[in-house]
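**Q** So that you have it, the file is model-v2.cif, and it contains mmCIF, C-alpha atoms and all ligand atoms:
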```cif
data_input
loop_
_atom_site.group_PDB
_atom_site.id
_atom_site.type_symbol
_atom_site.label_atom_id
_atom_site.label_comp_id
_atom_site.auth_asym_id
_atom_site.auth_seq_id
_atom_site.Cartn_x
_atom_site.Cartn_y
_atom_site.Cartn_z
ATOM 1 C CA MET A 1 -10.286 10.849 10.208
ATOM 2 C CA ALA A 2 -9.012 9.248 6.976
ATOM 3 C CA GLU A 3 -10.179 10.903 3.764
ATOM 4 C CA GLN A 4 -12.925 9.032 1.888
ATOM 5 C CA THR A 5 -11.258 7.535 -1.177
ATOM 6 C CA VAL A 6 -14.551 6.985 -3.017
ATOM 7 C CA LEU A 7 -17.329 9.576 -2.843
ATOM 8 C CA VAL A 8 -20.838 8.173 -3.139
ATOM 9 C CA ASP A 9 -23.653 10.463 -4.244
ATOM 10 C CA ARG A 10 -27.042 8.753 -4.302
ATOM 11 C CA ARG A 11 -29.133 10.451 -6.959
ATOM 12 C CA ASP A 12 -32.622 9.731 -8.232
ATOM 13 C CA GLY A 13 -32.326 6.219 -9.723
ATOM 14 C CA PHE A 14 -28.529 6.002 -9.807
ATOM 15 C CA HIS A 15 -25.341 6.369 -7.790
ATOM 16 C CA LEU A 16 -22.524 8.720 -8.779
ATOM 17 C CA LEU A 17 -19.187 7.254 -7.621
ATOM 18 C CA THR A 18 -16.090 9.466 -7.638
ATOM 19 C CA LEU A 19 -12.573 8.088 -7.099
ATOM 20 C CA ASN A 20 -11.107 10.527 -4.639
ATOM 21 C CA ARG A 21 -7.321 10.526 -4.335
ATOM 22 C CA PRO A 22 -6.698 13.473 -6.669
ATOM 23 C CA ASP A 23 -3.153 14.174 -5.425
ATOM 24 C CA LYS A 24 -2.172 10.681 -6.642
ATOM 25 C CA LEU A 25 -4.296 10.875 -9.799
ATOM 26 C CA ASN A 26 -6.766 8.563 -8.014
ATOM 27 C CA SER A 27 -4.367 5.634 -8.064
ATOM 28 C CA PHE A 28 -5.466 2.592 -6.099
ATOM 29 C CA ASN A 29 -4.372 1.959 -2.533
ATOM 30 C CA ASP A 30 -5.971 -0.764 -0.401
ATOM 31 C CA ALA A 31 -8.527 1.664 1.060
ATOM 32 C CA MET A 32 -9.755 2.751 -2.377
ATOM 33 C CA HIS A 33 -10.066 -0.872 -3.470
ATOM 34 C CA ALA A 34 -12.161 -1.677 -0.404
ATOM 35 C CA GLU A 35 -14.309 1.453 -0.678
ATOM 36 C CA LEU A 36 -14.966 1.054 -4.396
ATOM 37 C CA MET A 37 -15.975 -2.583 -3.965
ATOM 38 C CA ALA A 38 -18.216 -1.652 -1.022
ATOM 39 C CA ALA A 39 -19.828 1.153 -3.054
ATOM 40 C CA LEU A 40 -20.540 -1.227 -5.957
ATOM 41 C CA VAL A 41 -22.042 -3.842 -3.637
ATOM 42 C CA THR A 42 -24.189 -1.178 -1.931
ATOM 43 C CA ALA A 43 -25.436 0.063 -5.295
ATOM 44 C CA GLU A 44 -26.192 -3.497 -6.404
ATOM 45 C CA ASN A 45 -28.215 -4.139 -3.245
ATOM 46 C CA ASP A 46 -30.114 -0.845 -3.416
ATOM 47 C CA ASP A 47 -33.472 -1.462 -5.142
ATOM 48 C CA ALA A 48 -33.671 2.225 -6.000
ATOM 49 C CA CYS A 49 -30.344 2.143 -7.858
ATOM 50 C CA ARG A 50 -30.686 1.252 -11.547
ATOM 51 C CA ALA A 51 -27.390 2.582 -12.933
ATOM 52 C CA ILE A 52 -23.989 3.920 -11.890
ATOM 53 C CA VAL A 53 -21.721 6.644 -13.186
ATOM 54 C CA LEU A 54 -18.054 6.332 -12.266
ATOM 55 C CA THR A 55 -15.602 9.239 -12.508
ATOM 56 C CA GLY A 56 -12.500 10.683 -10.837
ATOM 57 C CA ALA A 57 -11.843 13.753 -8.717
ATOM 58 C CA GLY A 58 -9.360 16.369 -9.927
ATOM 59 C CA ARG A 59 -7.447 16.271 -13.206
ATOM 60 C CA GLY A 60 -7.114 12.494 -13.584
ATOM 61 C CA PHE A 61 -9.463 9.532 -13.752
ATOM 62 C CA CYS A 62 -7.196 6.845 -12.281
ATOM 63 C CA ALA A 63 -3.461 6.094 -12.611
ATOM 64 C CA GLY A 64 -3.767 2.396 -11.709
ATOM 65 C CA GLN A 65 -1.935 0.946 -8.740
ATOM 66 C CA ASP A 66 -0.410 3.433 -6.269
ATOM 67 C CA LEU A 67 3.234 2.642 -6.897
ATOM 68 C CA GLY A 68 4.201 4.278 -3.614
ATOM 69 C CA ASP A 69 2.705 1.203 -1.930
ATOM 70 C CA ARG A 70 5.047 -1.040 -3.906
ATOM 71 C CA VAL A 71 8.270 0.474 -2.597
ATOM 72 C CA SER A 72 9.333 -1.272 0.548
ATOM 73 C CA PRO A 73 11.580 0.695 2.916
ATOM 74 C CA ASP A 74 13.177 -2.609 3.918
ATOM 75 C CA ALA A 75 15.147 -4.318 1.097
ATOM 76 C CA SER A 76 14.990 -7.669 2.907
ATOM 77 C CA ASP A 77 11.190 -7.758 2.380
ATOM 78 C CA GLY A 78 11.701 -9.123 -1.136
ATOM 79 C CA PRO A 79 9.431 -8.337 -4.094
ATOM 80 C CA PRO A 80 5.686 -7.730 -3.554
ATOM 81 C CA ASP A 81 3.303 -10.563 -4.413
ATOM 82 C CA LEU A 82 1.479 -8.999 -7.352
ATOM 83 C CA SER A 83 -0.507 -12.168 -8.105
ATOM 84 C CA GLU A 84 -1.997 -11.895 -4.650
ATOM 85 C CA SER A 85 -2.879 -8.258 -5.264
ATOM 86 C CA ILE A 86 -4.504 -9.047 -8.613
ATOM 87 C CA GLU A 87 -6.371 -12.072 -7.276
ATOM 88 C CA THR A 88 -7.742 -10.408 -4.166
ATOM 89 C CA ARG A 89 -8.310 -6.838 -5.375
ATOM 90 C CA TYR A 90 -8.249 -6.120 -9.124
ATOM 91 C CA ASN A 91 -9.875 -9.292 -10.436
ATOM 92 C CA PRO A 92 -12.831 -9.164 -8.031
ATOM 93 C CA LEU A 93 -13.328 -5.518 -9.001
ATOM 94 C CA VAL A 94 -13.390 -6.271 -12.718
ATOM 95 C CA ARG A 95 -15.767 -9.200 -12.154
ATOM 96 C CA LYS A 96 -18.057 -6.996 -10.061
ATOM 97 C CA LEU A 97 -18.079 -4.197 -12.663
ATOM 98 C CA ARG A 98 -18.855 -6.613 -15.473
ATOM 99 C CA SER A 99 -21.588 -8.472 -13.595
ATOM 100 C CA LEU A 100 -23.580 -5.501 -12.295
ATOM 101 C CA PRO A 101 -27.244 -6.100 -13.113
ATOM 102 C CA PHE A 102 -27.615 -2.566 -14.497
ATOM 103 C CA PRO A 103 -25.545 -0.239 -16.700
ATOM 104 C CA ILE A 104 -22.369 1.461 -15.512
ATOM 105 C CA VAL A 105 -21.240 4.560 -17.383
ATOM 106 C CA CYS A 106 -17.630 5.696 -17.009
ATOM 107 C CA ALA A 107 -16.931 9.423 -17.323
ATOM 108 C CA VAL A 108 -13.182 9.534 -17.927
ATOM 109 C CA ASN A 109 -12.296 13.036 -16.796
ATOM 110 C CA GLY A 110 -8.528 12.872 -17.355
ATOM 111 C CA VAL A 111 -5.675 10.431 -17.665
ATOM 112 C CA ALA A 112 -6.583 6.746 -17.235
ATOM 113 C CA ALA A 113 -3.420 4.672 -16.865
ATOM 114 C CA GLY A 114 -2.580 1.060 -16.025
ATOM 115 C CA ALA A 115 -5.413 -0.706 -14.254
ATOM 116 C CA GLY A 116 -7.270 2.632 -14.279
ATOM 117 C CA ALA A 117 -7.491 2.494 -18.083
ATOM 118 C CA ASN A 118 -8.715 -1.092 -18.130
ATOM 119 C CA LEU A 119 -11.296 -0.606 -15.393
ATOM 120 C CA ALA A 120 -12.687 2.325 -17.391
ATOM 121 C CA LEU A 121 -12.728 0.290 -20.616
ATOM 122 C CA GLY A 122 -14.546 -2.536 -18.804
ATOM 123 C CA CYS A 123 -17.547 -0.306 -18.045
ATOM 124 C CA ASP A 124 -20.650 -0.553 -20.227
ATOM 125 C CA ILE A 125 -20.477 2.893 -21.824
ATOM 126 C CA VAL A 126 -17.290 4.972 -21.762
ATOM 127 C CA LEU A 127 -17.419 8.736 -22.269
ATOM 128 C CA ALA A 128 -14.186 10.711 -22.111
ATOM 129 C CA GLY A 129 -13.367 14.387 -21.879
ATOM 130 C CA ARG A 130 -11.263 15.557 -24.834
ATOM 131 C CA SER A 131 -8.248 16.088 -22.562
ATOM 132 C CA ALA A 132 -8.402 12.505 -21.281
ATOM 133 C CA LYS A 133 -5.974 9.864 -22.447
ATOM 134 C CA PHE A 134 -5.675 6.113 -22.038
ATOM 135 C CA ILE A 135 -2.277 4.584 -21.314
ATOM 136 C CA GLN A 136 -1.377 0.919 -20.982
ATOM 137 C CA ALA A 137 1.409 2.069 -18.678
ATOM 138 C CA PHE A 138 2.335 -1.425 -17.485
ATOM 139 C CA SER A 139 5.296 -2.148 -19.767
ATOM 140 C CA LYS A 140 6.994 1.045 -18.601
ATOM 141 C CA ILE A 141 7.493 -0.649 -15.236
ATOM 142 C CA GLY A 142 7.998 -4.177 -16.533
ATOM 143 C CA LEU A 143 4.417 -5.397 -15.998
ATOM 144 C CA VAL A 144 1.666 -6.961 -18.089
ATOM 145 C CA PRO A 145 -1.681 -5.245 -18.794
ATOM 146 C CA ASP A 146 -4.077 -6.510 -16.135
ATOM 147 C CA SER A 147 -7.650 -5.866 -15.001
ATOM 148 C CA GLY A 148 -8.790 -7.564 -18.191
ATOM 149 C CA GLY A 149 -6.618 -5.431 -20.493
ATOM 150 C CA THR A 150 -5.206 -8.322 -22.538
ATOM 151 C CA TRP A 151 -8.774 -9.619 -23.020
ATOM 152 C CA LEU A 152 -10.489 -6.307 -23.671
ATOM 153 C CA LEU A 153 -8.005 -4.489 -25.885
ATOM 154 C CA PRO A 154 -7.825 -6.935 -28.815
ATOM 155 C CA ARG A 155 -11.621 -7.119 -28.787
ATOM 156 C CA LEU A 156 -12.004 -3.344 -28.745
ATOM 157 C CA VAL A 157 -9.282 -2.216 -31.136
ATOM 158 C CA GLY A 158 -7.982 -5.378 -32.840
ATOM 159 C CA MET A 159 -4.787 -7.319 -32.189
ATOM 160 C CA PRO A 160 -2.275 -5.087 -34.075
ATOM 161 C CA ARG A 161 -3.294 -1.999 -32.086
ATOM 162 C CA ALA A 162 -3.607 -3.959 -28.842
ATOM 163 C CA ARG A 163 -0.069 -5.276 -29.238
ATOM 164 C CA ALA A 164 1.397 -1.850 -29.988
ATOM 165 C CA LEU A 165 -0.506 -0.179 -27.144
ATOM 166 C CA ALA A 166 0.609 -2.813 -24.643
ATOM 167 C CA LEU A 167 4.229 -2.920 -25.813
ATOM 168 C CA LEU A 168 4.811 0.794 -26.415
ATOM 169 C CA ALA A 169 2.634 2.162 -23.586
ATOM 170 C CA GLU A 170 1.875 5.221 -25.688
ATOM 171 C CA PRO A 171 -1.073 7.419 -24.740
ATOM 172 C CA VAL A 172 -4.263 7.247 -26.793
ATOM 173 C CA SER A 173 -6.223 10.495 -26.868
ATOM 174 C CA ALA A 174 -9.961 10.478 -26.198
ATOM 175 C CA GLU A 175 -10.657 11.342 -29.849
ATOM 176 C CA GLN A 176 -8.391 8.567 -31.104
ATOM 177 C CA ALA A 177 -10.077 6.176 -28.669
ATOM 178 C CA GLU A 178 -13.454 7.124 -30.115
ATOM 179 C CA ASP A 179 -12.200 6.765 -33.714
ATOM 180 C CA TRP A 180 -10.844 3.295 -32.925
ATOM 181 C CA GLY A 181 -14.070 2.173 -31.237
ATOM 182 C CA MET A 182 -12.313 1.820 -27.895
ATOM 183 C CA ILE A 183 -14.852 4.094 -26.196
ATOM 184 C CA TRP A 184 -18.331 5.385 -26.993
ATOM 185 C CA LYS A 185 -17.625 9.123 -27.300
ATOM 186 C CA ALA A 186 -15.179 11.928 -26.666
ATOM 187 C CA VAL A 187 -16.877 15.132 -25.558
ATOM 188 C CA ASP A 188 -15.648 18.577 -24.551
ATOM 189 C CA ASP A 189 -14.283 18.544 -20.997
ATOM 190 C CA ASP A 190 -16.765 21.131 -19.763
ATOM 191 C CA VAL A 191 -19.786 19.042 -20.796
ATOM 192 C CA LEU A 192 -18.445 15.622 -19.768
ATOM 193 C CA MET A 193 -20.249 15.350 -16.442
ATOM 194 C CA ASP A 194 -23.531 16.809 -17.744
ATOM 195 C CA THR A 195 -23.426 14.392 -20.665
ATOM 196 C CA ALA A 196 -22.702 11.441 -18.367
ATOM 197 C CA LEU A 197 -25.370 12.441 -15.841
ATOM 198 C CA THR A 198 -28.015 12.917 -18.537
ATOM 199 C CA MET A 199 -27.133 9.534 -20.005
ATOM 200 C CA VAL A 200 -27.191 7.699 -16.686
ATOM 201 C CA ALA A 201 -30.465 9.366 -15.635
ATOM 202 C CA ARG A 202 -31.985 8.108 -18.885
ATOM 203 C CA LEU A 203 -30.617 4.592 -18.298
ATOM 204 C CA ALA A 204 -31.963 4.668 -14.724
ATOM 205 C CA GLU A 205 -35.470 5.105 -16.155
ATOM 206 C CA GLY A 206 -35.012 2.271 -18.617
ATOM 207 C CA PRO A 207 -35.998 -1.409 -18.587
ATOM 208 C CA THR A 208 -33.341 -2.500 -16.065
ATOM 209 C CA LEU A 209 -34.031 -6.208 -16.353
ATOM 210 C CA GLY A 210 -33.826 -6.002 -20.142
ATOM 211 C CA TYR A 211 -30.551 -4.110 -19.823
ATOM 212 C CA SER A 212 -29.121 -6.844 -17.613
ATOM 213 C CA PHE A 213 -30.062 -9.421 -20.275
ATOM 214 C CA ILE A 214 -28.413 -7.292 -22.978
ATOM 215 C CA LYS A 215 -25.202 -7.173 -20.923
ATOM 216 C CA GLN A 216 -25.348 -10.913 -20.316
ATOM 217 C CA ALA A 217 -25.882 -11.688 -24.001
ATOM 218 C CA LEU A 218 -23.102 -9.401 -25.236
ATOM 219 C CA ASP A 219 -20.640 -10.787 -22.688
ATOM 220 C CA ALA A 220 -21.523 -14.365 -23.630
ATOM 221 C CA ALA A 221 -21.081 -13.529 -27.329
ATOM 222 C CA GLU A 222 -17.337 -13.156 -26.727
ATOM 223 C CA THR A 223 -16.974 -16.931 -26.440
ATOM 224 C CA ASN A 224 -20.239 -18.493 -27.684
ATOM 225 C CA SER A 225 -20.773 -20.106 -31.055
ATOM 226 C CA LEU A 226 -23.617 -18.624 -33.139
ATOM 227 C CA ASP A 227 -25.773 -21.592 -32.195
ATOM 228 C CA ASP A 228 -25.105 -21.124 -28.469
ATOM 229 C CA GLN A 229 -25.817 -17.428 -28.824
ATOM 230 C CA LEU A 230 -29.098 -18.025 -30.649
ATOM 231 C CA GLU A 231 -30.174 -20.313 -27.812
ATOM 232 C CA LEU A 232 -29.180 -17.755 -25.208
ATOM 233 C CA GLU A 233 -31.069 -14.966 -27.022
ATOM 234 C CA CYS A 234 -34.084 -17.275 -27.216
ATOM 235 C CA ARG A 235 -34.007 -17.943 -23.451
ATOM 236 C CA LEU A 236 -33.382 -14.321 -22.483
ATOM 237 C CA GLN A 237 -36.070 -13.029 -24.844
ATOM 238 C CA GLY A 238 -38.518 -15.450 -23.244
ATOM 239 C CA GLU A 239 -37.699 -14.038 -19.819
ATOM 240 C CA ALA A 240 -37.772 -10.430 -21.064
ATOM 241 C CA GLY A 241 -41.141 -11.114 -22.657
ATOM 242 C CA ARG A 242 -42.561 -12.048 -19.242
ATOM 243 C CA SER A 243 -41.339 -8.801 -17.632
ATOM 244 C CA PRO A 244 -43.659 -5.944 -16.647
ATOM 245 C CA ASP A 245 -41.421 -3.567 -18.619
ATOM 246 C CA TYR A 246 -42.062 -5.396 -21.876
ATOM 247 C CA ALA A 247 -45.822 -5.235 -21.291
ATOM 248 C CA GLU A 248 -45.494 -1.535 -20.460
ATOM 249 C CA GLY A 249 -43.255 -0.897 -23.491
ATOM 250 C CA VAL A 250 -45.804 -2.401 -25.871
ATOM 251 C CA ARG A 251 -48.746 -0.624 -24.175
ATOM 252 C CA ALA A 252 -46.898 2.696 -24.348
ATOM 253 C CA PHE A 253 -45.998 2.189 -28.007
ATOM 254 C CA MET A 254 -49.580 1.422 -28.951
ATOM 255 C CA ALA A 255 -50.866 4.405 -26.953
ATOM 256 C CA LYS A 256 -48.205 6.666 -28.529
ATOM 257 C CA ARG A 257 -46.895 7.761 -25.127
ATOM 258 C CA PRO A 258 -43.477 7.422 -23.455
ATOM 259 C CA PRO A 259 -43.116 4.175 -21.461
ATOM 260 C CA LYS A 260 -42.825 4.212 -17.686
ATOM 261 C CA PHE A 261 -40.473 1.354 -16.885
ATOM 262 C CA THR A 262 -40.086 0.061 -13.339
ATOM 263 C CA GLY A 263 -37.096 -2.213 -13.944
ATOM 264 C CA ARG A 264 -38.789 -4.956 -11.915
ATOM 265 C CA ARG A 265 -38.767 -8.663 -12.673
HETATM 266 O O1 LIG B 1 0.789 -3.662 -7.873
HETATM 267 C C1 LIG B 1 -0.174 -4.375 -8.076
HETATM 268 O O2 LIG B 1 -1.045 -4.577 -7.225
HETATM 269 C C2 LIG B 1 -0.331 -4.989 -9.417
HETATM 270 C C3 LIG B 1 -1.324 -4.245 -10.211
HETATM 271 C C4 LIG B 1 -0.951 -3.261 -11.028
HETATM 272 C C5 LIG B 1 -1.936 -2.452 -11.741
HETATM 273 C C6 LIG B 1 -1.355 -1.210 -12.341
HETATM 274 O O3 LIG B 1 -2.128 -0.288 -12.536
HETATM 275 S S1 LIG B 1 0.297 -1.143 -12.712
HETATM 276 C C7 LIG B 1 0.461 0.466 -13.450
HETATM 277 C C8 LIG B 1 0.603 1.533 -12.414
HETATM 278 N N1 LIG B 1 0.470 2.860 -12.950
HETATM 279 C C9 LIG B 1 1.425 3.477 -13.646
HETATM 280 O O4 LIG B 1 2.471 2.936 -13.913
HETATM 281 C C10 LIG B 1 1.164 4.911 -14.024
HETATM 282 C C11 LIG B 1 2.111 5.842 -13.288
HETATM 283 N N2 LIG B 1 1.804 7.214 -13.568
HETATM 284 C C12 LIG B 1 2.190 7.825 -14.694
HETATM 285 O O5 LIG B 1 2.792 7.224 -15.582
HETATM 286 C C13 LIG B 1 1.867 9.275 -14.817
HETATM 287 O O6 LIG B 1 1.623 9.793 -13.545
HETATM 288 C C14 LIG B 1 0.648 9.545 -15.721
HETATM 289 C C15 LIG B 1 1.028 9.247 -17.179
HETATM 290 C C16 LIG B 1 -0.541 8.707 -15.302
HETATM 291 C C17 LIG B 1 0.256 11.039 -15.610
HETATM 292 O O7 LIG B 1 1.393 11.824 -15.853
HETATM 293 P P1 LIG B 1 1.336 13.363 -15.479
HETATM 294 O O8 LIG B 1 2.631 13.958 -15.970
HETATM 295 O O9 LIG B 1 0.083 13.962 -15.976
HETATM 296 O O10 LIG B 1 1.246 13.430 -13.873
HETATM 297 P P2 LIG B 1 2.423 13.113 -12.827
HETATM 298 O O11 LIG B 1 3.143 14.364 -12.508
HETATM 299 O O12 LIG B 1 3.218 11.960 -13.249
HETATM 300 O O13 LIG B 1 1.533 12.664 -11.571
HETATM 301 C C18 LIG B 1 0.894 13.595 -10.705
HETATM 302 C C19 LIG B 1 1.074 13.115 -9.291
HETATM 303 O O14 LIG B 1 0.417 11.858 -9.157
HETATM 304 C C20 LIG B 1 2.534 12.880 -8.962
HETATM 305 O O15 LIG B 1 2.700 13.155 -7.582
HETATM 306 P P3 LIG B 1 3.491 14.487 -7.101
HETATM 307 O O16 LIG B 1 4.848 14.439 -7.746
HETATM 308 O O17 LIG B 1 2.661 15.628 -7.608
HETATM 309 O O18 LIG B 1 3.516 14.356 -5.609
HETATM 310 C C21 LIG B 1 2.689 11.405 -9.210
HETATM 311 O O19 LIG B 1 3.739 10.827 -8.468
HETATM 312 C C22 LIG B 1 1.348 10.883 -8.707
HETATM 313 N N3 LIG B 1 1.031 9.595 -9.347
HETATM 314 C C23 LIG B 1 0.648 9.387 -10.615
HETATM 315 N N4 LIG B 1 0.455 8.081 -10.822
HETATM 316 C C24 LIG B 1 0.745 7.477 -9.668
HETATM 317 C C25 LIG B 1 1.117 8.429 -8.724
HETATM 318 N N5 LIG B 1 1.459 8.104 -7.480
HETATM 319 C C26 LIG B 1 1.449 6.797 -7.156
HETATM 320 N N6 LIG B 1 1.101 5.818 -8.028
HETATM 321 C C27 LIG B 1 0.750 6.125 -9.276
HETATM 322 N N7 LIG B 1 0.356 5.125 -10.132
#
```
Can the structure in the file be given as structure tokens, please?
**A**
Amino acid sequence: MAEQTVLVDRRDGFHLLTLNRPDKLNSFNDAMHAELMAALVTAENDDACRAIVLTGAGRGFCAGQDLGDRVSPDASDGPPDLSESIETRYNPLVRKLRSLPFPIVCAVNGVAAGAGANLALGCDIVLAGRSAKFIQAFSKIGLVPDSGGTWLLPRLVGMPRARALALLAEPVSAEQAEDWGMIWKAVDDDVLMDTALTMVARLAEGPTLGYSFIKQALDAAETNSLDDQLELECRLQGEAGRSPDYAEGVRAFMAKRPPKFTGRR
């Protein structure tokens, strides 16, 4: 039987997803694309799932596209259609990650290169082990940063750094990534998973609907005018204010006890 390329561990309140092609530094083949998308859809449709943590098996997080699948044994095949690959696999994955109605934490356990780097950076909170590095490896093989890289990088680190990272394809260490504001935190390798699991367990007990509004508002802020954003905040706050979690949050505050959020609408 074929090896599972994405391991799914359903925990209390969240799913732990592990990219599982360690011999290839968890680079993407078609099976891993399909299994990761299926795992995200399953998590989204599971009422008991209120957060995800995404990581990689072995010493790497993800080395982007499996380049072995781009070498055709038959020269007469012509070049691969990369637009088709991006349109049918990478772009839907990025859109799914960004539109999840709950938080996704990425625990970058090792090298994140090419699309692997940009998928990690597209998650809501990015933690990285100190030995991890981020590489916009694309230009080394004549390609363009994809999976949202050209959109994300300038927003995360500013245009001068984005340009140099994309053109030079030099690795950025986890600590440098934290200093630049590219990720949330670099932590020691041996505490990475515990830190990520503690964080995601906390998020899974949070006000899930409110979190989804926060994600929506921050994403919209990338293109909205201040006026548009004020209107959006006004609408979302109205909806949040009608949620059971808001009522519970206020009750708990007044009673000086921790809130017990359900995440329900
Ligand atoms: O094609 C499309 O659909 C378009 C979309 C493209 C999206 C993309 O992601 S394009 C960018 C593709 N990725 C890369 O160019 C990165 C290639 N990998 C590397 O540059 C290096 O492996 C790393 C810098 C990531 C790590 O270097 P290092 O020295 O730590 O490890 P290594 O020895 O290079 O790799 C370990 C093994 O993983 C090795 O296999 P082996 O020799 O032990 O059998 C290596 O071949 C394999 N591996 C690493 N990355 C890939 C890979 N195999 C296939 N595809 C890979 N991307």
**Q** Give me, please, the distance in Å between atom C24 of ligand LIG 1 (chain B) and atom CA of Gly60 of chain A, quoted to one decimal.
**A**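 Distance between the two atoms: 10.1 Å.
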**Q** Give as an MDAnalysis selection string the residues that the PyMOL selection byres (((chain A and resi 36) around 9) and not hetatm) matches when applied to the coordinates above.
**A** chainID A and resid 5:7 17 19 31:35 37:41 93
**Q** Show me, as a VMD selection string, the residues that have an atom within 6 Å of Asp66 of chain A when counting all atoms listed in the file, minus same-chain residues fewer than 5 positions from it.
**A** chain A and resid 27 to 29
**Q** If the PyMOL selection byres (((not hetatm)) within 7 of (chain B and resi 1)) were run on this exact file, what residues would it hold? Put them as a list in words.
**A**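 Evaluating the PyMOL selection byres (((not hetatm)) within 7 of (chain B and resi 1)) on these coordinates yields Asp23, Lys24, Leu25, Ser27, Ala63, Gly64, Gln65, Asp66, Leu67, Gly68, Arg70, Leu82, Ser85, Ile86, Val111, Ala112, Ala113, Gly114, Ala115, Gly116, Ala137, Phe138, Lys140, Ile141, Leu143 and Asp146 of chain A.
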**Q** Quick one: apply the PyMOL selection byres (((chain A and resi 196) around 9) and not hetatm) to the file and drop the selected residues here as a compact mmCIF listing (two decimals) with C-alpha atoms, keeping the file's coordinate frame.
**A**
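Result file follows (part01.txt):
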```txt
# COMPACT_ATOMS: atom_id res chain seq x y z
CA VAL A 53 -21.72 6.64 -13.19
CA VAL A 105 -21.24 4.56 -17.38
CA CYS A 106 -17.63 5.70 -17.01
CA ALA A 107 -16.93 9.42 -17.32
CA LEU A 127 -17.42 8.74 -22.27
CA VAL A 191 -19.79 19.04 -20.80
CA LEU A 192 -18.44 15.62 -19.77
CA MET A 193 -20.25 15.35 -16.44
CA ASP A 194 -23.53 16.81 -17.74
CA THR A 195 -23.43 14.39 -20.66
CA LEU A 197 -25.37 12.44 -15.84
CA THR A 198 -28.02 12.92 -18.54
CA MET A 199 -27.13 9.53 -20.00
CA VAL A 200 -27.19 7.70 -16.69
CA ALA A 201 -30.46 9.37 -15.64
```
**Q** Give one line per residue of segment 121-215 of chain A that approaches segment 241-257 of chain A to at most 9 Å, naming the two atoms of the closest pair and their distance in Å to one decimal, counting all atoms listed in the file; sort by chain then ascending residue number and deliver it as CSV.
**A**
```
residue,atom,partner,partner_atom,distance
A:Gly206,CA,A:Asp245,CA,8.7
A:Pro207,CA,A:Asp245,CA,5.8
A:Thr208,CA,A:Asp245,CA,8.5
A:Leu209,CA,A:Ser243,CA,7.9
A:Gly210,CA,A:Asp245,CA,8.1
```
**Q** Around (-30.0, 7.0, -1.2) in the file's frame, which residues reach within 10 Å when counting all atoms listed in the file? Return as a PyMOL selection string?
**A** chain A and resi 8-15+43+46-49
**Q** Show me, as a list in words, the residues that have an atom within 6 Å of segment 128-131 of chain A when counting all atoms listed in the file, minus same-chain residues fewer than 6 positions from it.
**A** Ala107, Val108, Asn109, Ala174, Ala186, Val187, Asp188, Asp189 and Leu192 of chain A
